[in-house]
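Chemist: Sharing input.cif here; it has mmCIF, C-alpha atoms (C1' of nucleotides).
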data_my_file
loop_
_atom_site.label_atom_id
_atom_site.label_comp_id
_atom_site.auth_asym_id
_atom_site.auth_seq_id
_atom_site.Cartn_x
_atom_site.Cartn_y
_atom_site.Cartn_z
CA MET A 24 0.32 -10.07 0.39
CA LYS A 25 0.98 -11.75 3.69
CA THR A 26 3.45 -14.26 2.35
CA ALA A 27 5.92 -11.48 1.71
CA HIS A 28 6.57 -11.32 5.38
CA HIS A 29 7.54 -14.91 5.67
CA ARG A 30 9.34 -15.22 2.41
CA LYS A 31 13.08 -15.21 2.48
CA LYS A 32 14.26 -11.70 1.95
CA GLN A 33 16.42 -11.01 -1.03
CA PRO A 34 16.69 -7.26 -1.21
CA GLU A 35 18.89 -7.24 -4.27
CA ALA A 36 16.48 -9.44 -6.16
CA VAL A 37 13.59 -7.19 -5.21
CA ARG A 38 15.57 -4.20 -6.33
CA GLN A 39 16.19 -5.73 -9.72
CA LEU A 40 12.57 -6.76 -9.95
CA LEU A 41 11.47 -3.20 -9.30
CA LEU A 42 13.76 -1.88 -12.01
CA GLY A 43 12.53 -4.46 -14.46
CA VAL A 44 8.92 -3.73 -13.71
CA THR A 45 9.55 -0.02 -14.11
CA ALA A 46 11.07 -0.62 -17.52
CA GLY A 47 8.26 -2.87 -18.66
CA LEU A 48 5.59 -0.49 -17.50
CA CYS A 49 7.29 2.32 -19.36
CA VAL A 50 7.19 0.42 -22.61
CA GLU A 51 3.64 -0.83 -22.30
CA LYS A 52 1.79 2.11 -20.85
CA GLY A 53 4.08 4.95 -21.81
CA ALA A 54 6.04 7.27 -19.62
CA SER A 55 2.90 8.58 -17.97
CA GLY A 56 2.04 5.06 -16.92
CA VAL A 57 5.03 4.88 -14.62
CA THR A 58 3.66 5.76 -11.21
CA LEU A 59 4.84 4.56 -7.85
CA ASP A 60 1.53 2.84 -7.28
CA ALA A 61 1.68 1.05 -10.61
CA VAL A 62 5.27 -0.07 -10.15
CA ALA A 63 4.63 -1.28 -6.63
CA ALA A 64 1.50 -3.15 -7.65
CA ALA A 65 3.12 -4.77 -10.69
CA ALA A 66 6.05 -5.90 -8.58
CA GLY A 67 3.83 -7.27 -5.82
CA VAL A 68 5.32 -4.86 -3.32
CA SER A 69 3.73 -2.15 -1.27
CA LYS A 70 4.42 1.44 -2.10
CA GLY A 71 6.21 1.78 1.20
CA GLY A 72 8.45 -1.07 0.20
CA LEU A 73 9.19 0.51 -3.12
CA LEU A 74 10.07 3.79 -1.46
CA HIS A 75 12.35 1.93 0.86
CA HIS A 76 14.52 0.78 -2.02
CA PHE A 77 14.26 4.01 -3.96
CA PRO A 78 13.53 7.02 -1.75
CA SER A 79 11.90 8.95 -4.59
CA LYS A 80 10.65 8.52 -8.09
CA ALA A 81 13.67 10.34 -9.45
CA ALA A 82 15.89 7.94 -7.56
CA LEU A 83 14.08 5.06 -9.19
CA LEU A 84 14.73 6.36 -12.68
CA ASP A 85 18.29 7.27 -11.82
CA GLY A 86 18.79 3.78 -10.51
CA LEU A 87 17.49 2.34 -13.73
CA LEU A 88 19.91 4.44 -15.75
CA ASP A 89 22.84 3.51 -13.52
CA ASP A 90 22.08 -0.15 -13.84
CA LEU A 91 21.76 -0.05 -17.58
CA ILE A 92 24.86 2.05 -18.17
CA ASP A 93 26.83 -0.50 -16.22
CA ARG A 94 25.47 -3.31 -18.33
CA LEU A 95 26.13 -1.43 -21.52
CA ASP A 96 29.71 -0.69 -20.57
CA ALA A 97 30.29 -4.31 -19.69
CA ALA A 98 28.77 -5.57 -22.94
CA ILE A 99 30.79 -3.14 -25.02
CA HIS A 100 33.96 -4.03 -23.23
CA ARG A 101 33.29 -7.69 -23.83
CA ALA A 102 32.67 -7.11 -27.53
CA MET A 103 35.82 -5.02 -27.87
CA THR A 104 38.14 -7.62 -26.41
CA ASP A 105 36.88 -10.10 -29.02
CA ASP A 106 37.89 -7.76 -31.84
CA PRO A 107 41.51 -7.93 -33.01
CA GLU A 108 41.36 -4.95 -35.37
CA PRO A 109 41.95 -1.68 -33.49
CA ARG A 110 40.53 0.65 -36.10
CA GLY A 111 36.84 1.25 -35.49
CA ARG A 112 36.74 -1.26 -32.70
CA PHE A 113 34.50 0.73 -30.43
CA THR A 114 32.06 1.54 -33.19
CA ARG A 115 31.75 -2.10 -34.15
CA ALA A 116 31.22 -3.06 -30.54
CA TYR A 117 28.54 -0.42 -30.22
CA LEU A 118 26.78 -1.73 -33.29
CA LYS A 119 27.10 -5.33 -32.22
CA VAL A 120 25.90 -4.75 -28.70
CA CYS A 121 22.83 -2.94 -29.93
CA PHE A 122 21.72 -5.48 -32.49
CA VAL A 123 23.29 -8.87 -32.21
CA PRO A 124 20.78 -11.03 -30.30
CA GLY A 125 23.07 -11.99 -27.46
CA GLY A 126 24.77 -8.62 -27.27
CA MET A 127 22.41 -6.65 -25.12
CA ALA A 128 19.99 -8.96 -23.48
CA GLU A 129 17.88 -6.29 -21.83
CA GLU A 130 16.43 -4.74 -24.94
CA GLU A 131 13.07 -4.07 -23.38
CA ARG A 132 14.63 -2.12 -20.57
CA TRP A 133 16.67 -0.03 -22.92
CA LYS A 134 13.61 0.93 -24.84
CA ALA A 135 11.99 2.06 -21.66
CA MET A 136 15.04 3.93 -20.62
CA THR A 137 15.32 5.79 -23.87
CA MET A 138 11.80 7.02 -23.50
CA ALA A 139 12.27 8.20 -19.97
CA LEU A 140 15.55 9.71 -21.07
CA LEU A 141 14.04 11.83 -23.74
CA GLY A 142 11.23 12.85 -21.48
CA GLU A 143 13.27 13.93 -18.49
CA PRO A 144 15.84 16.65 -19.02
CA HIS A 145 17.85 15.48 -16.06
CA LEU A 146 18.35 11.98 -17.42
CA ARG A 147 18.99 13.38 -20.84
CA GLN A 148 21.99 15.25 -19.46
CA ARG A 149 23.36 12.21 -17.70
CA TRP A 150 23.16 10.22 -20.89
CA ARG A 151 24.86 12.98 -22.80
CA ARG A 152 27.72 12.84 -20.36
CA TRP A 153 28.18 9.15 -21.00
CA VAL A 154 28.24 9.65 -24.74
CA GLU A 155 30.81 12.40 -24.46
CA ASP A 156 33.00 10.36 -22.17
CA ARG A 157 33.00 7.28 -24.38
CA SER A 158 33.51 9.37 -27.46
CA ALA A 159 36.59 11.00 -25.98
CA LEU A 160 37.87 7.70 -24.66
CA HIS A 161 37.96 6.06 -28.08
CA ALA A 162 38.92 9.09 -30.09
CA GLY A 163 42.15 7.37 -31.06
CA THR A 164 40.54 4.51 -32.94
CA ASP A 165 37.04 5.66 -33.86
CA LEU A 166 37.35 9.21 -35.06
CA SER A 167 36.84 8.69 -38.78
CA ILE A 168 33.84 10.10 -40.61
CA ASN A 169 32.70 6.63 -41.50
CA CYS A 170 32.77 5.49 -37.91
CA GLU A 171 30.72 8.46 -36.88
CA LEU A 172 28.32 7.72 -39.67
CA VAL A 173 27.95 4.14 -38.54
CA ARG A 174 27.30 5.18 -34.98
CA PHE A 175 24.59 7.56 -36.08
CA ALA A 176 23.05 4.87 -38.25
CA THR A 177 23.12 2.55 -35.27
CA ASP A 178 21.22 5.10 -33.24
CA GLY A 179 18.75 5.46 -36.08
CA LEU A 180 18.25 1.73 -36.31
CA TRP A 181 17.81 1.68 -32.61
CA LEU A 182 15.23 4.42 -32.72
CA ALA A 183 13.35 2.52 -35.40
CA SER A 184 13.21 -0.62 -33.32
CA LEU A 185 12.02 1.50 -30.45
CA LEU A 186 9.21 2.96 -32.48
CA GLU A 187 8.43 -0.47 -33.80
CA SER A 188 8.64 0.99 -37.25
CA HIS A 189 8.62 -1.15 -40.33
CA ARG A 190 10.54 -4.25 -39.40
CA LEU A 191 12.84 -4.86 -42.32
CA ASP A 192 13.21 -8.49 -43.22
CA PRO A 193 16.16 -10.35 -41.67
CA ALA A 194 18.08 -10.78 -44.91
CA ARG A 195 18.00 -7.07 -45.55
CA GLU A 196 18.97 -6.33 -42.00
CA GLN A 197 21.86 -8.72 -42.34
CA ALA A 198 23.05 -6.94 -45.46
CA LEU A 199 22.77 -3.59 -43.75
CA MET A 200 24.79 -4.78 -40.77
CA HIS A 201 27.46 -6.16 -43.03
CA ARG A 202 27.67 -2.88 -44.87
CA LEU A 203 27.97 -0.95 -41.63
CA VAL A 204 30.73 -3.15 -40.30
CA GLU A 205 32.49 -2.72 -43.62
CA LEU A 206 32.38 1.03 -43.28
CA THR A 207 34.12 0.98 -39.91
CA ARG A 208 37.26 -0.45 -41.49
CA THR A 209 38.01 2.16 -44.12
CA MET B 19 -8.17 37.03 -44.22
CA LYS B 20 -6.59 39.74 -42.18
CA THR B 21 -8.57 42.87 -41.70
CA ALA B 22 -6.30 44.46 -39.19
CA HIS B 23 -8.80 47.05 -38.09
CA HIS B 24 -11.62 45.23 -36.42
CA ARG B 25 -10.08 41.84 -35.83
CA LYS B 26 -9.20 41.51 -32.21
CA LYS B 27 -9.54 37.79 -31.82
CA GLN B 28 -7.46 35.54 -34.02
CA PRO B 29 -8.40 32.03 -33.03
CA GLU B 30 -6.07 30.44 -35.53
CA ALA B 31 -3.16 32.40 -34.17
CA VAL B 32 -4.06 31.37 -30.64
CA ARG B 33 -4.27 27.79 -31.76
CA GLN B 34 -0.80 27.95 -33.23
CA LEU B 35 0.46 29.70 -30.14
CA LEU B 36 -0.88 26.93 -27.95
CA LEU B 37 0.81 24.29 -30.08
CA GLY B 38 4.06 26.17 -29.96
CA VAL B 39 3.92 26.63 -26.23
CA THR B 40 3.16 22.95 -25.78
CA ALA B 41 6.21 22.05 -27.81
CA GLY B 42 8.46 24.46 -25.97
CA LEU B 43 7.30 23.29 -22.58
CA CYS B 44 7.93 19.72 -23.56
CA VAL B 45 11.52 20.46 -24.46
CA GLU B 46 12.30 22.57 -21.43
CA LYS B 47 10.51 20.79 -18.63
CA GLY B 48 10.19 17.33 -20.10
CA ALA B 49 7.12 15.36 -20.96
CA SER B 50 5.84 15.46 -17.41
CA GLY B 51 5.99 19.24 -17.51
CA VAL B 52 3.27 19.39 -20.11
CA THR B 53 0.08 19.99 -18.16
CA LEU B 54 -3.01 21.84 -19.23
CA ASP B 55 -2.43 24.42 -16.54
CA ALA B 56 1.15 24.99 -17.57
CA VAL B 57 0.33 25.27 -21.24
CA ALA B 58 -2.51 27.68 -20.61
CA ALA B 59 -0.41 29.82 -18.30
CA ALA B 60 2.58 29.94 -20.65
CA ALA B 61 0.33 30.94 -23.52
CA GLY B 62 -1.39 33.62 -21.50
CA VAL B 63 -4.73 31.89 -21.92
CA SER B 64 -7.11 30.47 -19.36
CA LYS B 65 -7.47 26.75 -19.08
CA GLY B 66 -11.02 27.05 -20.31
CA GLY B 67 -9.71 28.80 -23.37
CA LEU B 68 -7.22 26.07 -24.02
CA LEU B 69 -9.90 23.42 -23.65
CA HIS B 70 -12.03 25.32 -26.11
CA HIS B 71 -9.43 24.86 -28.82
CA PHE B 72 -8.44 21.34 -27.81
CA PRO B 73 -11.18 19.48 -25.95
CA SER B 74 -8.72 17.20 -24.21
CA LYS B 75 -5.05 16.75 -23.60
CA ALA B 76 -4.90 13.90 -26.08
CA ALA B 77 -6.48 16.16 -28.67
CA LEU B 78 -3.79 18.73 -28.00
CA LEU B 79 -0.99 16.27 -28.63
CA ASP B 80 -2.77 14.82 -31.63
CA GLY B 81 -3.18 18.31 -32.97
CA LEU B 82 0.50 18.92 -32.55
CA LEU B 83 1.33 15.78 -34.47
CA ASP B 84 -1.15 16.60 -37.25
CA ASP B 85 0.29 20.04 -37.65
CA LEU B 86 3.86 18.87 -37.79
CA ILE B 87 3.22 16.01 -40.16
CA ASP B 88 1.63 18.46 -42.55
CA ARG B 89 4.65 20.73 -42.35
CA LEU B 90 7.03 17.85 -42.80
CA ASP B 91 5.19 16.56 -45.85
CA ALA B 92 5.19 20.01 -47.38
CA ALA B 93 8.88 20.56 -46.73
CA ILE B 94 9.81 17.18 -48.15
CA HIS B 95 7.70 17.74 -51.22
CA ARG B 96 9.35 21.10 -51.75
CA ALA B 97 12.81 19.60 -51.44
CA MET B 98 11.96 16.79 -53.82
CA THR B 99 10.77 19.04 -56.61
CA ASP B 100 14.12 20.82 -56.49
CA ASP B 101 15.97 17.57 -57.07
CA PRO B 102 16.40 16.48 -60.72
CA GLU B 103 17.87 13.06 -59.96
CA PRO B 104 15.16 10.46 -59.31
CA ARG B 105 17.32 7.87 -57.59
CA GLY B 106 17.34 8.45 -53.82
CA ARG B 107 15.35 11.61 -54.16
CA PHE B 108 13.17 11.06 -51.16
CA THR B 109 16.07 10.09 -48.95
CA ARG B 110 17.98 13.23 -49.87
CA ALA B 111 14.91 15.34 -49.21
CA TYR B 112 14.47 13.68 -45.85
CA LEU B 113 18.07 14.40 -44.96
CA LYS B 114 17.92 17.95 -46.20
CA VAL B 115 14.68 18.80 -44.46
CA CYS B 116 16.03 17.54 -41.16
CA PHE B 117 19.31 19.38 -41.22
CA VAL B 118 19.56 22.18 -43.69
CA PRO B 119 18.83 25.36 -41.72
CA GLY B 120 15.90 26.51 -43.80
CA GLY B 121 14.51 23.03 -44.37
CA MET B 122 12.49 22.45 -41.28
CA ALA B 123 12.03 25.68 -39.43
CA GLU B 124 10.22 24.23 -36.44
CA GLU B 125 13.06 22.21 -35.02
CA GLU B 126 12.12 22.92 -31.44
CA ARG B 127 8.66 21.61 -31.97
CA TRP B 128 9.92 18.45 -33.56
CA LYS B 129 12.10 17.74 -30.59
CA ALA B 130 9.09 18.09 -28.37
CA MET B 131 7.04 15.90 -30.58
CA THR B 132 9.54 13.10 -30.61
CA MET B 133 9.61 13.02 -26.86
CA ALA B 134 5.85 12.91 -26.58
CA LEU B 135 5.85 10.33 -29.33
CA LEU B 136 8.15 7.97 -27.56
CA GLY B 137 6.27 8.44 -24.34
CA GLU B 138 2.77 7.84 -25.62
CA PRO B 139 2.08 4.54 -27.32
CA HIS B 140 -0.82 6.04 -29.22
CA LEU B 141 1.26 8.73 -30.88
CA ARG B 142 4.00 6.23 -31.51
CA GLN B 143 1.62 4.21 -33.61
CA ARG B 144 0.47 7.20 -35.60
CA TRP B 145 4.06 8.10 -36.43
CA ARG B 146 4.79 4.55 -37.41
CA ARG B 147 1.92 4.69 -39.86
CA TRP B 148 3.39 7.79 -41.46
CA VAL B 149 6.81 6.19 -41.83
CA GLU B 150 5.33 3.09 -43.41
CA ASP B 151 3.22 5.09 -45.82
CA ARG B 152 6.10 7.25 -47.00
CA SER B 153 8.38 4.27 -47.25
CA ALA B 154 5.93 2.44 -49.49
CA LEU B 155 5.26 5.56 -51.53
CA HIS B 156 8.88 6.01 -52.51
CA ALA B 157 9.81 2.36 -52.78
CA GLY B 158 10.52 2.82 -56.47
CA THR B 159 13.34 5.31 -56.03
CA ASP B 160 14.65 4.84 -52.48
CA LEU B 161 14.79 1.13 -51.88
CA SER B 162 18.55 0.60 -52.00
CA ILE B 163 20.51 -0.48 -48.97
CA ASN B 164 22.48 2.71 -49.05
CA CYS B 165 19.38 4.84 -49.01
CA GLU B 166 18.06 2.95 -46.06
CA LEU B 167 21.38 3.38 -44.35
CA VAL B 168 21.30 7.11 -44.93
CA ARG B 169 17.81 7.40 -43.56
CA PHE B 170 18.80 5.56 -40.43
CA ALA B 171 21.84 7.77 -40.05
CA THR B 172 19.62 10.80 -40.44
CA ASP B 173 17.44 9.58 -37.64
CA GLY B 174 20.51 9.00 -35.52
CA LEU B 175 21.86 12.46 -36.22
CA TRP B 176 18.54 13.84 -35.38
CA LEU B 177 18.35 11.91 -32.16
CA ALA B 178 21.75 13.29 -31.23
CA SER B 179 20.61 16.84 -31.80
CA LEU B 180 17.61 16.05 -29.69
CA LEU B 181 19.74 14.82 -26.83
CA GLU B 182 22.00 17.79 -27.26
CA SER B 183 24.87 15.39 -27.45
CA HIS B 184 28.30 16.53 -28.41
CA ARG B 185 27.79 19.07 -31.13
CA LEU B 186 30.24 18.12 -33.82
CA ASP B 187 31.94 21.08 -35.42
CA PRO B 188 30.32 22.49 -38.57
CA ALA B 189 33.11 21.42 -40.92
CA ARG B 190 32.80 17.84 -39.82
CA GLU B 191 29.05 17.98 -40.04
CA GLN B 192 29.37 19.34 -43.55
CA ALA B 193 31.64 16.48 -44.50
CA LEU B 194 29.24 13.97 -43.02
CA MET B 195 26.32 15.43 -44.92
CA HIS B 196 28.26 15.33 -48.14
CA ARG B 197 29.13 11.72 -47.56
CA LEU B 198 25.52 10.85 -46.86
CA VAL B 199 24.25 12.57 -49.99
CA GLU B 200 26.90 10.75 -51.94
CA LEU B 201 25.66 7.42 -50.65
CA THR B 202 22.13 8.05 -51.89
CA ARG B 203 23.34 8.08 -55.49
CA THR B 204 25.06 4.70 -55.72
"C1'" DG C 9 25.39 -20.72 21.42
"C1'" DA C 10 21.51 -18.43 22.95
"C1'" DA C 11 19.81 -14.08 24.28
"C1'" DA C 12 19.90 -9.18 23.40
"C1'" DT C 13 20.27 -5.51 20.40
"C1'" DA C 14 20.62 -3.07 16.23
"C1'" DA C 15 19.44 -2.49 11.65
"C1'" DA C 16 17.49 -3.46 7.42
"C1'" DA C 17 13.38 -4.84 4.78
"C1'" DC C 18 9.17 -4.40 4.34
"C1'" DC C 19 3.65 -3.05 5.03
"C1'" DG C 20 -0.65 -0.02 5.18
"C1'" DT C 21 -2.58 4.41 5.78
"C1'" DC C 22 -3.14 9.11 5.16
"C1'" DC C 23 -2.67 13.61 2.95
"C1'" DA C 24 -1.71 17.96 0.45
"C1'" DG C 25 -1.43 19.28 -3.88
"C1'" DA C 26 -1.69 18.68 -8.81
"C1'" DC C 27 -4.13 17.24 -12.72
"C1'" DG C 28 -7.67 16.58 -16.32
"C1'" DG C 29 -12.03 17.82 -17.16
"C1'" DT C 30 -16.91 19.95 -16.58
"C1'" DA C 31 -20.25 23.41 -16.01
"C1'" DT C 32 -21.39 28.01 -16.36
"C1'" DG C 33 -20.75 32.55 -17.21
"C1'" DT C 34 -19.03 36.81 -20.05
"C1'" DT C 35 -17.16 39.15 -23.95
"C1'" DT C 36 -16.32 39.60 -28.92
"C1'" DC C 37 -17.42 39.38 -33.67
"C1'" DG C 38 -20.06 38.68 -38.01
"C1'" DC D 10 -29.05 38.41 -32.31
"C1'" DG D 11 -26.34 34.13 -32.12
"C1'" DA D 12 -22.41 31.69 -32.32
"C1'" DA D 13 -17.74 31.44 -31.49
"C1'" DA D 14 -14.02 32.80 -28.31
"C1'" DC D 15 -12.76 33.14 -24.28
"C1'" DA D 16 -12.80 33.40 -18.59
"C1'" DT D 17 -13.96 31.61 -13.68
"C1'" DA D 18 -15.07 28.41 -10.53
"C1'" DC D 19 -15.14 24.07 -9.14
"C1'" DC D 20 -14.84 18.77 -8.69
"C1'" DG D 21 -13.29 13.80 -8.47
"C1'" DT D 22 -9.34 11.36 -8.99
"C1'" DC D 23 -4.71 10.38 -8.87
"C1'" DT D 24 0.12 10.87 -7.32
"C1'" DG D 25 4.20 11.41 -4.80
"C1'" DG D 26 5.66 10.73 -0.62
"C1'" DA D 27 5.57 11.13 4.58
"C1'" DC D 28 4.87 8.34 8.60
"C1'" DG D 29 4.54 4.81 12.06
"C1'" DG D 30 4.23 0.15 12.63
"C1'" DT D 31 5.82 -4.93 11.95
"C1'" DT D 32 8.75 -8.64 10.58
"C1'" DT D 33 13.00 -10.50 9.13
"C1'" DT D 34 18.14 -10.54 9.18
"C1'" DA D 35 22.71 -9.40 10.98
"C1'" DT D 36 25.73 -8.40 14.85
"C1'" DT D 37 27.23 -8.24 19.33
"C1'" DT D 38 27.36 -9.78 24.09
"C1'" DC D 39 27.59 -12.92 27.70
#
Please express the file's structure as structure tokens.
Modeler:
Amino acid sequence: MKTAHHRKKQPEAVRQLLLGVTAGLCVEKGASGVTLDAVAAAAGVSKGGLLHHFPSKAALLDGLLDDLIDRLDAAIHRAMTDDPEPRGRFTRAYLKVCFVPGGMAEEERWKAMTMALLGEPHLRQRWRRWVEDRSALHAGTDLSINCELVRFATDGLWLASLLESHRLDPAREQALMHRLVELTRT
Amino acid sequence: MKTAHHRKKQPEAVRQLLLGVTAGLCVEKGASGVTLDAVAAAAGVSKGGLLHHFPSKAALLDGLLDDLIDRLDAAIHRAMTDDPEPRGRFTRAYLKVCFVPGGMAEEERWKAMTMALLGEPHLRQRWRRWVEDRSALHAGTDLSINCELVRFATDGLWLASLLESHRLDPAREQALMHRLVELTRT
DNA sequence: GAAATAAAACCGTCCAGACGGTATGTTTCG
DNA sequence: CGAAACATACCGTCTGGACGGTTTTATTTC
């Protein structure tokens, strides 16, 4: 790829591209399909270039997690400020961000990340930390049994979409969402 | 089957051992830690021996899934026959099997399996088939929104235990379970 | 403001080790 | 014996990543 030399350099764009390609590859070919060669090739970058942005494979996955946690935090925060009712606010935001179309735009990447997460003990721990932190942070408003239930159901729904399990029809999904939101208010 | 005197080799036992070791390795070292060499070493068997029982790595993982699906079906069936109430019977059994201590003894192996499942598109599809089949099979008794909700929550709970997220205290867990069972009856 | 210099953003190659798998023994058991 | 249950040795490929070069961009200097 000779043109790469003469192209205008946009390191941040390349970085994002690499993360996106990593995520996509993870979904399509599975966790074992994520190799430096494959990522570099799919992104139209040499392996050396890839290793310039992320000095190791672990750094690449860590970078992906960092990026996505930031986005998730931002999306949740956005959803929470739109919600006047304090009780169960975080739980509703969590639900909304995960499943309302515009909530979390990068669904594909999250799928990928979840897979890598479950596969790699190190990432698993980092994720666990995030969950604990957020849980403690919103203990004041989202501690009820029902809220906890809703959050677990959200995770379950999420897992189902990840596994591409039986897609329930939209009407039913709508009803389920409504019921879940309802539960956060009791 | 067991003539303790002259039976030195117990191929079936070795087979089970290999599956167990595979599962354990997957949990401890992550999906990438599952290599034929590692499995063979951890089981105290040569790689040739391992490949005698499972002619390929894919066959090993498939075998693990087969084995666990059989166990899951059996456990669910057992739980269902103990339940007099038809409505939501399957959902309650699903919940019980996943979280009552004696329900599903092989928790470690299920954790491993889920990871491998999410990582490998092929296994993902096989699992999806199982979910669809069971869902259709019990459509008569477990079709309500609440049942679906409970099943999703079960998956979420299970995912949390997989990630070793914040272990909620037993009393709270008990309350949550009670609430979930309650929901299956409405 | 242009030349000089530093630094960042890449490329292409090579390699040591790991990995899945084969091919070929050797022991054990019915 | 003969087949199943293992072990040993080995091979081709792939993978992570180290390394040295080249080109683009930013900064300083005069």
Chemist: Do you know which residues are at most 12 Å from Leu161 in chain B counting only C-alpha atoms (C1' of nucleotides), after dropping those on the same chain fewer than 2 positions away, and could you put them as a PyMOL selection string?
Modeler: (chain A and resi 191+195) or (chain B and resi 104-109+152-159+163-169+202-204)
Chemist: Return as CSV the residues of chain D lying at most 10 Å from chain B, together with the closest atom-to-atom pair for each and the distance in Å to one decimal, counting only C-alpha atoms (C1' of nucleotides), with rows in chain order and ascending residue number.
Modeler:
residue,atom,partner,partner_atom,distance
D:DA13,C1',B:Pro29,CA,9.5
D:DA14,C1',B:Pro29,CA,7.4
D:DC15,C1',B:Gly67,CA,5.4
D:DA16,C1',B:Ser64,CA,6.4
D:DT17,C1',B:Gly66,CA,8.6
Chemist: Using all atoms listed in the file, tabulate the residues of chain C lying at most 9 Å from any atom of chain B, each with its closest atom pair and that distance in Å to one decimal, by chain and increasing residue number, as a Markdown table.
Modeler:
| residue | atom | partner | partner_atom | distance |
| --- | --- | --- | --- | --- |
| C:DC27 | C1' | B:Thr53 | CA | 7.4 |
| C:DG28 | C1' | B:Leu54 | CA | 7.6 |
| C:DG29 | C1' | B:Ser74 | CA | 7.8 |
| C:DT36 | C1' | B:Lys27 | CA | 7.6 |
| C:DC37 | C1' | B:Arg25 | CA | 8.0 |
Chemist: What are the nearest atom pairs, with distances in Å to one decimal, for all residues of chain B that come at most 7 Å from chain A, using all atoms listed in the file, set out by chain and rising residue number as CSV?
Modeler:
residue,atom,partner,partner_atom,distance
B:Lys47,CA,A:Pro144,CA,6.8
B:Gly48,CA,A:Gly142,CA,4.8
B:Ala49,CA,A:Gly142,CA,4.8
B:Met133,CA,A:Leu141,CA,5.5
B:Leu136,CA,A:Met138,CA,5.5
B:Gly137,CA,A:Gly53,CA,4.8
B:Glu138,CA,A:Gly53,CA,5.0
B:Pro139,CA,A:Gly53,CA,5.9
B:Arg142,CA,A:Leu186,CA,6.2
B:Arg146,CA,A:Ser188,CA,5.2
B:Glu150,CA,A:His189,CA,6.2
B:Ile163,CA,A:Leu199,CA,6.5
B:Leu167,CA,A:Ala176,CA,6.5
B:Phe170,CA,A:Gly179,CA,4.4
B:Ala171,CA,A:Ala176,CA,3.6
B:Thr172,CA,A:Gly179,CA,6.9
B:Asp173,CA,A:Gly179,CA,4.6
B:Gly174,CA,A:Gly179,CA,4.0
B:Leu175,CA,A:Phe175,CA,5.6
B:Leu181,CA,A:Arg147,CA,6.2
B:Ser183,CA,A:Arg151,CA,5.2
B:His184,CA,A:Glu155,CA,6.2
B:Leu194,CA,A:Ile168,CA,6.5
Chemist: Just say which residues the PyMOL selection byres ((chain C and resi 10) around 12) picks in this file, as a ChimeraX atom specification.
Modeler: /C:9,11-12 /D:38-39
Chemist: After a least-squares fit of chain B on chain A across every C-alpha pair in order, what's the RMSD, to one decimal?
Modeler: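 Rounded to one decimal, the C-alpha RMSD is 3.3 Å.
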